[in-house]
Each structure stands twice: as C-alpha cells, then as structure tokens.
>>> print(open('data.txt').read())   # compact mmCIF, C-alpha atoms
# COMPACT_ATOMS: atom_id res chain seq x y z
CA MET F 1 134.82 95.19 100.52
CA THR F 2 132.80 96.57 97.60
CA GLU F 3 129.81 98.81 98.14
CA THR F 4 126.78 99.54 95.99
CA THR F 5 123.97 102.03 96.36
CA GLY F 6 120.40 100.72 96.32
CA ALA F 7 117.50 102.40 94.52
CA SER F 8 116.43 104.13 97.71
CA GLY F 9 119.84 105.60 98.39
CA ALA F 10 120.55 103.16 101.22
CA LEU F 11 124.02 101.69 100.94
CA SER F 12 124.28 97.97 100.33
CA CYS F 13 127.28 96.04 101.62
CA PRO F 14 127.74 92.28 101.37
CA VAL F 15 127.12 90.40 104.60
CA THR F 16 130.07 88.40 105.83
CA GLY F 17 130.44 85.70 108.43
CA ALA F 18 129.00 82.24 109.02
CA THR F 19 125.36 81.77 108.06
CA ALA F 20 122.70 79.11 108.41
CA ALA F 21 122.52 78.80 104.64
CA GLY F 22 126.27 78.36 104.21
CA PRO F 23 128.90 80.76 102.87
CA ALA F 24 127.86 80.33 99.22
CA ALA F 25 124.13 80.82 99.74
CA GLU F 26 122.56 83.86 98.16
CA PRO F 27 120.69 86.17 100.53
CA ILE F 28 116.91 86.32 100.20
CA ALA F 29 115.59 89.70 99.09
CA LEU F 30 112.46 90.56 101.07
CA ASP F 31 109.86 91.66 98.55
CA PRO F 32 108.79 95.28 99.19
CA PHE F 33 105.58 94.69 97.23
CA VAL F 34 104.71 91.45 99.06
CA GLY F 35 103.78 89.43 95.99
CA ASP F 36 103.97 86.06 97.77
CA LEU F 37 104.25 86.34 101.54
CA VAL F 38 103.57 82.65 102.17
CA GLY F 39 106.17 81.56 99.63
CA GLU F 40 108.70 84.02 101.04
CA GLY F 41 108.15 82.59 104.53
CA ALA F 42 108.73 79.06 103.24
CA ARG F 43 111.99 80.09 101.57
CA LEU F 44 113.16 81.77 104.76
CA ARG F 45 112.46 78.68 106.88
CA GLU F 46 114.21 76.48 104.33
CA ALA F 47 117.30 78.71 104.55
CA GLY F 48 117.64 77.73 108.20
CA PRO F 49 116.93 79.34 111.56
CA LEU F 50 119.24 82.24 110.67
CA ALA F 51 118.90 83.41 107.07
CA ARG F 52 120.75 86.13 105.21
CA VAL F 53 118.28 88.64 103.81
CA VAL F 54 118.28 91.96 102.00
CA LEU F 55 115.79 94.64 102.98
CA PRO F 56 114.25 96.97 100.38
CA GLY F 57 116.84 99.51 99.35
CA GLY F 58 119.63 96.95 99.30
CA VAL F 59 120.30 96.86 103.05
CA PRO F 60 121.71 93.45 104.14
CA CYS F 61 120.96 91.85 107.48
CA TYR F 62 119.93 88.54 109.02
CA ALA F 63 116.52 87.08 109.82
CA VAL F 64 115.54 84.54 112.44
CA THR F 65 112.96 82.23 110.89
CA HIS F 66 112.33 79.36 113.34
CA HIS F 67 110.25 79.42 116.52
CA ALA F 68 112.76 78.09 119.08
CA GLU F 69 115.66 80.22 117.87
CA ALA F 70 113.45 83.32 117.79
CA ARG F 71 112.38 82.81 121.40
CA ALA F 72 116.01 82.42 122.41
CA LEU F 73 117.16 85.57 120.59
CA LEU F 74 114.23 87.65 121.86
CA THR F 75 115.34 86.97 125.43
CA ASP F 76 119.08 87.23 124.78
CA SER F 77 120.58 90.34 126.39
CA ARG F 78 123.24 90.38 123.66
CA VAL F 79 120.54 91.32 121.13
CA VAL F 80 119.57 94.97 121.63
CA LYS F 81 117.37 97.67 120.09
CA ASP F 82 119.90 100.53 120.18
CA ILE F 83 120.74 101.40 116.57
CA GLU F 84 124.19 102.65 117.59
CA HIS F 85 125.28 99.00 117.77
CA TRP F 86 124.63 98.51 114.03
CA ASN F 87 127.85 98.43 112.02
CA ALA F 88 126.21 99.83 108.88
CA TRP F 89 124.75 102.74 110.88
CA GLN F 90 128.12 103.50 112.49
CA ARG F 91 129.77 103.53 109.07
CA GLY F 92 127.18 106.00 107.74
CA GLU F 93 125.86 103.54 105.18
CA ILE F 94 122.14 104.02 105.92
CA ALA F 95 120.65 106.96 104.06
CA MET F 96 118.14 109.18 105.83
CA ASP F 97 115.76 108.87 102.87
CA TRP F 98 115.73 105.06 103.15
CA PRO F 99 112.02 104.09 103.08
CA LEU F 100 112.38 102.05 106.27
CA ILE F 101 114.27 104.66 108.27
CA GLY F 102 111.17 105.60 110.27
CA LEU F 103 110.79 102.00 111.41
CA VAL F 104 114.41 101.31 112.38
CA ASN F 105 115.13 104.74 113.86
CA PRO F 106 111.79 106.13 115.11
CA GLY F 107 113.34 108.15 117.95
CA ARG F 108 113.71 107.36 121.62
CA SER F 109 110.85 105.25 122.96
CA MET F 110 110.26 101.88 124.60
CA LEU F 111 110.88 100.37 121.14
CA THR F 112 114.47 101.57 120.89
CA VAL F 113 115.99 101.05 124.35
CA ASP F 114 116.66 98.09 126.62
CA GLY F 115 117.12 97.24 130.29
CA PRO F 116 116.10 99.75 133.00
CA GLU F 117 115.38 102.50 130.47
CA HIS F 118 113.03 100.21 128.57
CA ARG F 119 111.21 99.26 131.76
CA ARG F 120 110.87 102.94 132.72
CA LEU F 121 109.38 103.92 129.37
CA ARG F 122 107.13 100.88 129.16
CA LEU F 123 105.72 101.04 132.69
CA LEU F 124 102.89 103.54 132.20
CA VAL F 125 101.75 101.93 128.97
CA ALA F 126 101.87 98.44 130.45
CA GLN F 127 99.86 99.56 133.48
CA ALA F 128 97.18 101.03 131.22
CA LEU F 129 96.94 97.88 129.09
CA THR F 130 96.78 95.04 131.61
CA VAL F 131 94.26 92.33 130.78
CA ARG F 132 91.99 93.56 133.58
CA ARG F 133 92.06 97.20 132.49
CA VAL F 134 91.58 96.29 128.85
CA GLU F 135 88.49 94.28 129.78
CA HIS F 136 86.96 97.52 131.09
CA LEU F 137 87.15 98.80 127.51
CA ARG F 138 84.87 96.04 126.22
CA GLY F 139 81.76 98.24 126.32
CA SER F 140 83.48 100.96 124.30
CA VAL F 141 84.76 98.46 121.75
CA GLU F 142 81.29 96.95 121.41
CA ALA F 143 79.73 100.39 120.87
CA ILE F 144 82.27 101.31 118.18
CA SER F 145 81.88 97.91 116.51
CA ASN F 146 78.07 98.13 116.50
CA GLY F 147 78.18 101.64 115.03
CA LEU F 148 80.36 100.46 112.16
CA LEU F 149 78.14 97.43 111.59
CA ASP F 150 75.09 99.71 111.47
CA ALA F 151 76.79 101.70 108.73
CA LEU F 152 77.65 98.49 106.86
CA ALA F 153 74.02 97.42 106.99
CA GLU F 154 73.06 100.61 105.13
CA GLN F 155 75.23 99.72 102.15
CA GLN F 156 73.47 99.00 98.87
CA PRO F 157 72.27 95.34 98.84
CA GLY F 158 73.96 93.18 96.24
CA THR F 159 76.96 95.50 95.95
CA PRO F 160 80.34 94.29 97.30
CA VAL F 161 81.72 96.37 100.17
CA ASP F 162 85.31 96.73 101.33
CA LEU F 163 85.43 95.10 104.76
CA LYS F 164 88.80 96.70 105.48
CA ALA F 165 87.84 100.29 104.72
CA LEU F 166 84.44 100.16 106.40
CA PHE F 167 85.08 97.92 109.40
CA ALA F 168 88.48 96.33 110.08
CA ALA F 169 90.52 99.54 109.72
CA PRO F 170 88.30 102.15 111.43
CA LEU F 171 87.53 99.92 114.44
CA PRO F 172 91.05 99.72 115.97
CA MET F 173 91.86 103.30 114.97
CA LYS F 174 88.76 104.57 116.78
CA VAL F 175 89.54 102.40 119.82
CA VAL F 176 93.19 103.38 120.22
CA THR F 177 92.66 107.08 119.57
CA ALA F 178 89.88 107.07 122.17
CA LEU F 179 92.19 105.28 124.62
CA MET F 180 94.86 107.91 124.00
CA GLY F 181 92.29 110.71 124.13
CA VAL F 182 93.21 112.07 120.70
CA GLU F 183 90.31 110.93 118.52
CA LYS F 184 89.31 114.52 117.67
CA VAL F 185 92.85 115.49 116.71
CA VAL F 186 94.30 112.79 114.49
CA SER F 187 91.66 111.35 112.15
CA PRO F 188 91.33 111.24 109.18
CA ARG F 189 94.54 113.19 108.65
CA LEU F 190 96.64 110.58 110.40
CA THR F 191 95.12 107.70 108.43
CA ALA F 192 96.23 109.33 105.20
CA VAL F 193 99.81 109.91 106.34
CA PHE F 194 100.04 106.36 107.75
CA ASP F 195 99.07 105.03 104.32
CA ARG F 196 102.16 106.73 102.92
CA PHE F 197 104.36 105.69 105.84
CA PHE F 198 103.38 102.02 105.50
CA SER F 199 103.94 101.71 101.76
CA SER F 200 106.85 100.68 99.58
CA GLU F 201 105.31 102.81 96.82
CA THR F 202 106.20 106.02 98.67
CA GLU F 203 109.16 107.58 96.88
CA PRO F 204 112.36 107.62 98.98
CA GLY F 205 112.59 111.39 98.72
CA GLU F 206 109.09 111.68 100.17
CA MET F 207 109.77 109.70 103.33
CA PRO F 208 111.46 112.54 105.28
CA LYS F 209 108.40 114.68 104.50
CA VAL F 210 106.08 111.90 105.72
CA LEU F 211 108.05 111.56 108.96
CA ALA F 212 108.02 115.32 109.46
CA GLU F 213 104.25 115.39 108.95
CA ILE F 214 103.76 112.63 111.51
CA ASP F 215 105.90 114.58 114.00
CA THR F 216 103.86 117.72 113.33
CA ILE F 217 100.58 115.90 113.95
CA PHE F 218 101.74 114.42 117.24
CA THR F 219 103.32 117.68 118.40
CA GLU F 220 99.87 119.22 117.94
CA VAL F 221 98.36 116.29 119.85
CA VAL F 222 100.64 116.89 122.84
CA ALA F 223 99.93 120.61 122.82
CA GLU F 224 96.17 120.04 122.71
CA LYS F 225 96.25 117.52 125.55
CA ARG F 226 98.36 119.82 127.70
CA ALA F 227 95.71 122.48 127.24
CA ASN F 228 92.81 120.08 127.71
CA PRO F 229 93.87 117.05 129.79
CA GLY F 230 91.40 114.23 130.33
CA ASP F 231 91.01 110.69 131.58
CA ASP F 232 93.21 109.12 128.91
CA LEU F 233 96.66 107.65 128.41
CA THR F 234 98.15 110.74 126.75
CA SER F 235 97.17 112.89 129.74
CA ALA F 236 98.64 110.26 132.07
CA LEU F 237 101.95 110.37 130.19
CA LEU F 238 102.04 114.16 130.38
CA SER F 239 101.18 114.13 134.08
CA ALA F 240 103.97 111.63 134.80
CA SER F 241 106.51 113.79 133.01
CA GLU F 242 105.49 116.87 134.99
CA GLU F 243 105.33 115.20 138.38
CA GLY F 244 108.43 113.06 138.33
CA ASP F 245 110.47 114.00 135.27
CA ARG F 246 109.99 110.41 134.15
CA LEU F 247 109.46 111.13 130.47
CA THR F 248 111.15 113.68 128.25
CA GLU F 249 109.26 115.56 125.52
CA GLU F 250 110.75 113.25 122.88
CA GLU F 251 109.80 110.17 124.89
CA ILE F 252 106.22 111.38 125.29
CA LEU F 253 105.88 112.17 121.59
CA ASN F 254 107.35 108.87 120.46
CA THR F 255 105.38 106.81 122.97
CA ILE F 256 102.12 108.26 121.66
CA LYS F 257 103.24 107.58 118.09
CA VAL F 258 104.18 104.00 118.92
CA MET F 259 100.90 103.35 120.72
CA ILE F 260 98.72 104.59 117.89
CA ILE F 261 100.74 103.02 115.07
CA ALA F 262 101.10 99.63 116.77
CA GLY F 263 97.66 99.89 118.34
CA HIS F 264 95.74 99.68 115.09
CA GLU F 265 97.86 98.01 112.39
CA THR F 266 97.96 94.60 114.08
CA THR F 267 94.22 94.41 114.67
CA ILE F 268 93.33 95.31 111.08
CA SER F 269 95.23 92.27 109.85
CA LEU F 270 93.95 90.00 112.62
CA ILE F 271 90.30 90.70 111.77
CA LEU F 272 90.77 90.42 108.02
CA GLN F 273 92.90 87.28 108.08
CA ALA F 274 90.42 85.59 110.43
CA VAL F 275 87.61 86.31 107.98
CA ILE F 276 89.69 85.01 105.08
CA GLY F 277 90.60 81.87 107.02
CA LEU F 278 86.95 81.14 107.81
CA GLU F 279 85.65 81.98 104.34
CA THR F 280 88.19 79.71 102.66
CA HIS F 281 87.45 76.89 105.13
CA PRO F 282 83.65 76.68 105.21
CA GLU F 283 83.58 73.55 107.36
CA GLN F 284 85.47 75.40 110.08
CA ARG F 285 83.28 78.47 109.65
CA ALA F 286 80.25 76.28 110.24
CA LYS F 287 81.73 74.90 113.47
CA VAL F 288 82.35 78.40 114.81
CA LEU F 289 78.92 79.74 113.92
CA ALA F 290 77.32 76.66 115.45
CA GLY F 291 79.18 77.28 118.70
CA GLU F 292 81.21 74.08 118.45
CA VAL F 293 84.54 75.96 118.42
CA PRO F 294 85.10 79.18 120.44
CA TRP F 295 86.11 82.41 118.77
CA GLU F 296 89.26 82.38 120.90
CA ASN F 297 90.48 79.42 118.84
CA VAL F 298 89.88 81.37 115.64
CA ILE F 299 91.86 84.33 116.93
CA GLU F 300 94.86 82.33 118.15
CA GLU F 301 95.03 80.16 115.04
CA THR F 302 94.83 83.25 112.83
CA LEU F 303 97.68 84.85 114.77
CA ARG F 304 99.78 81.75 114.11
CA TRP F 305 98.72 80.95 110.55
CA SER F 306 98.77 84.47 109.10
CA THR F 307 100.52 86.59 111.69
CA PRO F 308 99.73 90.34 111.47
CA THR F 309 103.38 91.42 111.45
CA SER F 310 105.46 89.67 108.82
CA HIS F 311 108.91 91.12 109.65
CA VAL F 312 109.87 93.20 112.69
CA LEU F 313 112.84 95.59 112.26
CA LEU F 314 115.53 95.68 113.75
CA ARG F 315 117.68 94.34 116.59
CA TYR F 316 121.49 94.31 116.77
CA ALA F 317 124.06 91.80 118.03
CA THR F 318 126.52 93.17 120.58
CA GLU F 319 128.77 90.12 120.10
CA ASP F 320 128.94 87.02 117.92
CA ILE F 321 125.92 84.83 118.80
CA PRO F 322 125.59 81.18 117.75
CA VAL F 323 122.20 80.40 116.20
CA GLY F 324 121.92 76.72 115.39
CA ASP F 325 124.85 75.94 113.10
CA ALA F 326 125.22 79.60 112.18
CA VAL F 327 126.52 82.77 113.79
CA LEU F 328 124.87 86.16 114.04
CA PRO F 329 127.96 88.40 113.83
CA LYS F 330 128.60 91.26 116.20
CA GLY F 331 127.25 94.54 114.90
CA GLU F 332 124.87 92.99 112.37
CA ALA F 333 121.14 93.70 112.24
CA LEU F 334 118.46 91.10 112.88
CA VAL F 335 114.92 90.86 111.51
CA ILE F 336 112.34 88.80 113.41
CA SER F 337 110.43 87.10 110.59
CA PHE F 338 107.17 86.32 112.39
CA GLY F 339 105.45 85.34 109.14
CA ALA F 340 107.91 82.50 108.66
CA ILE F 341 108.05 81.59 112.34
CA GLY F 342 104.28 81.06 112.64
CA ARG F 343 104.38 78.10 110.25
CA ASP F 344 107.46 76.38 111.65
CA GLU F 345 107.00 72.64 111.04
CA ARG F 346 109.22 71.86 114.03
CA VAL F 347 106.49 73.25 116.27
CA HIS F 348 103.29 72.59 114.31
CA GLY F 349 104.19 69.41 112.42
CA ASP F 350 103.01 68.47 108.95
CA THR F 351 99.92 70.70 109.23
CA ALA F 352 101.88 73.89 109.89
CA GLU F 353 100.66 75.42 106.61
CA ASP F 354 97.01 74.61 107.34
CA PHE F 355 94.41 76.89 108.92
CA ASP F 356 92.91 74.67 111.60
CA ILE F 357 90.89 76.16 114.45
CA THR F 358 90.48 72.71 115.99
CA ARG F 359 94.17 72.36 116.89
CA GLU F 360 94.58 70.94 120.36
CA THR F 361 97.12 73.64 121.23
CA VAL F 362 98.23 76.72 119.33
CA LYS F 363 101.75 77.92 120.07
CA HIS F 364 102.85 81.20 118.57
CA ILE F 365 104.85 84.32 119.40
CA SER F 366 103.05 86.63 116.99
CA PHE F 367 102.90 89.44 119.55
CA GLY F 368 106.59 89.00 120.27
CA TYR F 369 108.32 87.41 123.22
CA GLY F 370 110.53 88.54 126.07
CA PRO F 371 110.95 92.10 127.38
CA HIS F 372 109.65 93.73 124.20
CA VAL F 373 106.48 91.65 123.89
CA CYS F 374 103.67 93.83 122.53
CA PRO F 375 101.98 95.68 125.41
CA GLY F 376 98.82 96.02 123.32
CA ALA F 377 98.30 92.28 122.78
CA ALA F 378 95.36 92.09 125.19
CA LEU F 379 93.65 95.03 123.49
CA SER F 380 94.08 93.54 120.02
CA ARG F 381 92.66 90.23 121.19
CA LEU F 382 89.70 91.99 122.81
CA GLU F 383 88.93 93.94 119.64
CA ALA F 384 88.98 90.78 117.55
CA ALA F 385 86.92 88.89 120.15
CA VAL F 386 84.24 91.60 119.94
CA ALA F 387 84.41 92.37 116.22
CA LEU F 388 84.40 88.90 114.69
CA PRO F 389 81.35 87.37 116.42
CA ALA F 390 79.46 90.67 116.04
CA LEU F 391 80.24 90.76 112.32
CA TYR F 392 78.99 87.21 111.73
CA ALA F 393 75.99 87.66 114.03
CA ARG F 394 74.91 90.64 111.92
CA PHE F 395 75.89 89.10 108.57
CA PRO F 396 75.86 85.29 108.88
CA ASP F 397 75.82 84.91 105.07
CA LEU F 398 78.95 87.03 104.57
CA THR F 399 81.17 85.75 101.75
CA LEU F 400 84.26 86.98 99.94
CA ALA F 401 83.30 88.82 96.75
CA VAL F 402 86.45 87.59 94.97
CA ASP F 403 88.53 84.46 95.18
CA ALA F 404 91.04 84.67 98.03
CA SER F 405 93.88 84.34 95.52
CA GLU F 406 92.84 87.69 94.01
CA LEU F 407 93.30 89.62 97.26
CA ARG F 408 96.29 91.97 97.01
CA ASN F 409 98.80 92.50 99.78
CA LYS F 410 99.55 96.07 100.73
CA PRO F 411 103.11 96.89 99.57
CA VAL F 412 104.81 97.10 102.97
CA VAL F 413 107.56 94.70 103.97
CA THR F 414 106.76 94.71 107.70
CA GLN F 415 102.99 94.13 107.68
CA ASN F 416 100.68 91.34 106.62
CA ASP F 417 98.10 93.78 105.35
CA LEU F 418 95.73 93.88 102.39
CA VAL F 419 94.78 96.66 100.02
CA GLU F 420 91.09 95.79 100.28
CA VAL F 421 88.81 92.86 101.13
CA PRO F 422 85.60 93.03 99.09
CA VAL F 423 82.75 90.98 100.58
CA HIS F 424 79.07 90.31 100.01
CA LEU F 425 77.21 90.86 103.26
CA HIS F 426 74.14 88.90 102.24
CA LYS F 427 73.47 85.66 100.41
CA GLN F 428 73.73 86.20 96.68
CA ALA F 429 71.05 85.00 94.27
>>> encode(input="data.txt", output="structure tokens")
Amino acid sequence: MTETTGASGALSCPVTGATAAGPAAEPIALDPFVGDLVGEGARLREAGPLARVVLPGGVPCYAVTHHAEARALLTDSRVVKDIEHWNAWQRGEIAMDWPLIGLVNPGRSMLTVDGPEHRRLRLLVAQALTVRRVEHLRGSVEAISNGLLDALAEQQPGTPVDLKALFAAPLPMKVVTALMGVEKVVSPRLTAVFDRFFSSETEPGEMPKVLAEIDTIFTEVVAEKRANPGDDLTSALLSASEEGDRLTEEEILNTIKVMIIAGHETTISLILQAVIGLETHPEQRAKVLAGEVPWENVIEETLRWSTPTSHVLLRYATEDIPVGDAVLPKGEALVISFGAIGRDERVHGDTAEDFDITRETVKHISFGYGPHVCPGAALSRLEAAVALPALYARFPDLTLAVDASELRNKPVVTQNDLVEVPVHLHKQA
C-alpha cells in the first residue's frame, strides 16, 4: 500500500474494500472551504448510501448519505465512537496538527464513548435538558432575544446589518453560557477562539495552540465555578463528581466544552437558514406571517432542507458491516453526512430539494438518531421558536441585502454556517 502526506500533515492512505460506488469509483473530496454544499450533498447521495470520501488533509473514510441507512448505522452497536478502533489511528497515520483533530479526538466525554459509560456521562446533561426543563428557560430566551432586537433597532436606518453577528450568533451563546453559569468567564474570548477552531483557514500548525487555548479557558471556568458555585449545569457537574465520583476532571472539562460548542453552533445555522428559506420563498413567508402556517413547520423544514451540521465526525466499524450493496470495512471511519441525508429523495420524493413549509410531514434526523442523539435539540428548537417570530414581529419588512447566491459559507467542513448574512431591517425606498 502506498502512502502520501496531505497538506495538513495528516497521512493519506487509499481506502480498500467494497464500496457503494464500486471498486473503480473515485472518492469524493469534502470541500474544506464549502464552495457548494448543496452540490456536494447531491454528489454524495448519487454515490450511494455508503460513499468513499476524503476529509481535508487527505484522510480517507466513508460517509453514509441516505436516510434509512444512516438510521440503521446510528443504532448499530458495531459502529462506535472510540477512536482506538480506527485503523489509521492505530497505525499512527493521523497527525496531531491535523485541522480536524479536535473534532475527532476531543478527549473523553459523552461524545467519545458508548454503552454504559456513555449513559453515565450523558445522564446529568440529559436531565438538565428535558423538554419540560428547557421550557422553563423560555422567559430567559425571550429576554435575551428582545435585548438583541432592541440593539438591532438602534442600527442606522437604510444601512444593511449583519444578522449573524448581531442576532443569530450572540443569542445561543448567551443562552448556553447562562445555562452553564459561565457567561462572565468565556465571552468574548471564547467566541474568538471558536472562530479559529471552526475554520479550514486556520493553519495546521496553529491548531494545537487553538486547542490548548480552549483547554485553558475551560480550566479557568471549572476553577471559577468551584470557587463560586451556583444554580447552573456546571455547578451540578462539579457537585456530582464530588459526591459520587461520577465524573473525572477530564470528563467535567470536556462535557462543559461539548455543551457550549454544540449548544450554540447548531442554533446559529438554524436561525439563519430559516430566514434565508423564507426570504427566498416570499409566498411561504407570507403564509407564516399571516398565521396560516405555524413557526414549528418552518423550523422542522429548515432542519431538513438545510441541516445545521453538514458532516459529523467520526464513528468506527468494529467489524465488516453491510450497507446496501456495499460494505463498511472493519476499522474504517464513518462520517454521517446530514447535509446529504436531509434531501434524500427516497424519503422526500421529487420535492426533496425544495424548501416547503407546507409539507404534510417532515422526516429528518438532523439532530442525530439513536443513543448519541443531540441532548440539546429541545433547547435549539426553543431558541428558534422564540427568535424567529420575535425577529419578524419587530421587523416584518426584513429582507436580504444581497442575493442569496452571494452569501458565503464559513470554511468549515462540519458546519452549515455562513460568514455573514446582511439584511435590511426596514422596507427600502
């Protein structure tokens, strides 16, 4: 077997074994700069339910691209999160300065273990984020949303404003840091380091420094909360570790990191993509604002049509697993390509590519499926359910300030995020 070294220093080895696209098919390179996410999703679906792909840095793996096969694999106990099952990792082929190393090996947390250990680490978080408990946060979300909208209203009339920077991004960050009890510790410092973490433009040699800075920030967070505990999730995690030895220091640190990272990125995209969907489909926008279609429909269709997470990294096969006419070989890594899965024609028919809030039923797995389904799904839905109607109630004449085709994706292979979304808040002369 020949080996080559990718630009990031990560070692690239050809993938072998049966594939959905056939033995002669070329693997699909996932674009680190996200020039055409919709087109990439279409190519992945066309390659079959199990496609060979190459991650940025030349790292080969497989991607599941169809709805039914993804559901099956996400509940298959032979597909695990423990990186030690990855052949390339065992062979030492993954460089520590690989830009995606922080996503595939973020340390021990509920994201990286399975079975009883996963349930143990997930329990406290899941208990704090039940639908009922999240509903109690509605008042706080409304207050944060209204404060941001007040600030938007003070912007210079006639001048485009960036809806992401001034509303969609700060809202979920403020909510999740308040939930964790760390709002005075992490912002805006954390926002800046996350921008470097979630970017393909960060130089490979810089990524270890970025990861070290994130660890430093959260180590300070834990120390501050130990000194000043409160009625928040971070204090609850610390209390559990002291009372029952249920969480180690590493597990506490990584759980807080996971909660804050996952707790805001998804909602940014959900809010922005919903606005884009409505603004590019004025007849549907009119139905929503007239009360003919509930905002819940907008949220669920947005999650399907332009799912917040484009590719989730990584899971590993502990044995050969048939997937349709293909095989996911033992020891190979698997990407869950939610961006492709959301528009699967086998589930949504000929209108799978269309944004349609009047669909009779909307089936999607955009928050995952199975044991590792996103514990923050209810919170993200609540934030969107508060933010979107409040935004349009305050600014019913809101329009995009540029054509939707001019909006630029943020250069990060895992997220369906945008650099900015300029809008006019008021009707233009």
>>> closest_residue(input="data.txt", among="F:Tyr62, F:Ala169, F:Glu203, F:Trp305", to="Pro188 in chain F", atoms="only C-alpha atoms")
F:Ala169
>>> residues_near_point(input="data.txt", point="(114.8, 75.3, 111.7)", cutoff="12 Å", atoms="all atoms listed in the file", output="count of residues only")
30
>>> atom_distance(input="data.txt", atom1="CA of Arg71 in chain F", atom2="CA of Val134 in chain F")
25.9 Å
>>> atom_distance(input="data.txt", atom1="CA of Glu251 in chain F", atom2="CA of Ser199 in chain F")
25.3 Å
>>> closest_residue(input="data.txt", among="F:Thr267, F:Thr358, F:Thr399, F:Asn146", to="Pro172 in chain F", atoms="only C-alpha atoms")
F:Thr267
>>> closest_residue(input="data.txt", among="F:Ala390, F:Val113, F:Leu163, F:Ile261", to="Thr177 in chain F", atoms="only C-alpha atoms")
F:Ile261
>>> residues_around(input="data.txt", residues="Asp320 in chain F", least_positions_apart="5", cutoff="10 Å", atoms="all atoms listed in the file", output="list in words")
Gly17, Arg78, Val79, Val327, Leu328, Pro329, Lys330, Gly331 and Glu332 of chain F
>>> build_atoms(input="data.txt", residues="range 305-317 of chain F", atoms="N, CA, C and O atoms", output="CSV table (one decimal), in the coordinates of the input")
chain,number,residue,atom,x,y,z
F,305,TRP,N,98.8,81.3,112.0
F,305,TRP,CA,98.7,81.0,110.6
F,305,TRP,C,99.0,82.1,109.6
F,305,TRP,O,99.7,81.9,108.6
F,306,SER,N,98.5,83.3,110.0
F,306,SER,CA,98.8,84.5,109.1
F,306,SER,C,99.0,85.7,110.0
F,306,SER,O,98.2,86.6,110.1
F,307,THR,N,100.2,85.6,110.6
F,307,THR,CA,100.5,86.6,111.7
F,307,THR,C,100.5,88.0,111.2
F,307,THR,O,100.9,88.3,110.0
F,308,PRO,N,99.9,89.0,112.0
F,308,PRO,CA,99.7,90.3,111.5
F,308,PRO,C,101.0,91.0,111.1
F,308,PRO,O,101.0,91.9,110.2
F,309,THR,N,102.1,90.8,111.8
F,309,THR,CA,103.4,91.4,111.4
F,309,THR,C,104.3,90.4,110.8
F,309,THR,O,104.7,89.4,111.4
F,310,SER,N,104.7,90.7,109.6
F,310,SER,CA,105.5,89.7,108.8
F,310,SER,C,106.9,89.7,109.2
F,310,SER,O,107.6,88.7,109.4
F,311,HIS,N,107.5,90.9,109.3
F,311,HIS,CA,108.9,91.1,109.6
F,311,HIS,C,109.0,92.3,110.6
F,311,HIS,O,108.6,93.4,110.2
F,312,VAL,N,109.6,92.1,111.8
F,312,VAL,CA,109.9,93.2,112.7
F,312,VAL,C,111.3,93.7,112.6
F,312,VAL,O,112.3,92.9,112.7
F,313,LEU,N,111.5,95.0,112.4
F,313,LEU,CA,112.8,95.6,112.3
F,313,LEU,C,113.2,96.4,113.5
F,313,LEU,O,112.3,97.0,114.1
F,314,LEU,N,114.4,96.5,113.8
F,314,LEU,CA,115.5,95.7,113.8
F,314,LEU,C,116.1,95.5,115.2
F,314,LEU,O,115.9,96.4,116.0
F,315,ARG,N,116.9,94.5,115.4
F,315,ARG,CA,117.7,94.3,116.6
F,315,ARG,C,119.1,94.2,116.2
F,315,ARG,O,119.4,93.9,115.0
F,316,TYR,N,120.1,94.3,117.1
F,316,TYR,CA,121.5,94.3,116.8
F,316,TYR,C,122.3,93.4,117.8
F,316,TYR,O,122.1,93.5,119.0
F,317,ALA,N,123.2,92.7,117.2
F,317,ALA,CA,124.1,91.8,118.0
F,317,ALA,C,125.2,92.6,118.6
F,317,ALA,O,126.0,93.2,117.9
